[in-house]
Amino acid sequence: MQQPAKVPAIGRGTLVVQVPNKGTESELTLHGALHAPAVSYTLVSIAALDEEGYHAHIGAGHLELMSPQGERVGRIPRTSGRLYKVVHALDSANAVEPVSVMELHRRWGTSQSRARTSSSLAAPS
């Protein structure tokens, strides 16, 4: 089996991501996020959200995220590629070559050791 490509992270911090929530958008705050400029997507680990007290419900073609207080913070549709993906317009200041989510999954696989940096939810940064 081929070794997955490694993507260097140059920093760690807090990131706020806009996620769809039944016709509106909500802010999802991600703590301990890695900044990897070579990756054009924000990948969110469901396990990391679980550790912060969030709950996820998957069904009927959507991923619903609930805050630790029980409020719905996101309702993300499933794509035809069987991923839950938030699509944002690319910011002209972030002109990087996009890499598909499927390509990232192919390269990284699903190893438990990479659970914090791979995900079911992805959005361009």
# chains A, B, ... in the order shown; residues from 1 in each chain; ligands from 1
$ residues_around --residues "region 50-64 of chain A" --least-positions-apart "5" --cutoff "9 Å" --atoms "only C-alpha atoms" --output "CSV table (one decimal) with C-alpha atoms, in the first residue's frame"
chain,number,residue,atom,x,y,z
A,21,ASN,CA,-28.5,25.7,8.5
A,31,HIS,CA,-10.6,25.1,18.1
A,45,SER,CA,-13.2,16.0,12.1
A,69,GLN,CA,-26.3,23.5,24.3
A,70,GLY,CA,-28.5,21.5,22.0
A,72,ARG,CA,-28.7,23.1,15.7
A,73,VAL,CA,-25.6,24.8,14.2
A,74,GLY,CA,-25.6,23.2,10.8
A,75,ARG,CA,-27.6,21.1,8.3
A,76,ILE,CA,-25.2,20.0,5.6
A,77,PRO,CA,-26.4,18.1,2.5
A,78,ARG,CA,-24.8,14.9,1.2
A,79,THR,CA,-23.2,15.2,-2.2
A,84,TYR,CA,-21.0,16.1,3.5
A,121,LEU,CA,-17.3,17.5,6.3
$ residues_around --residues "Ile10 (chain A)" --least-positions-apart "2" --cutoff "12 Å" --atoms "only C-alpha atoms" --output "ChimeraX atom specification"
/A:7-8,12-13,33-39
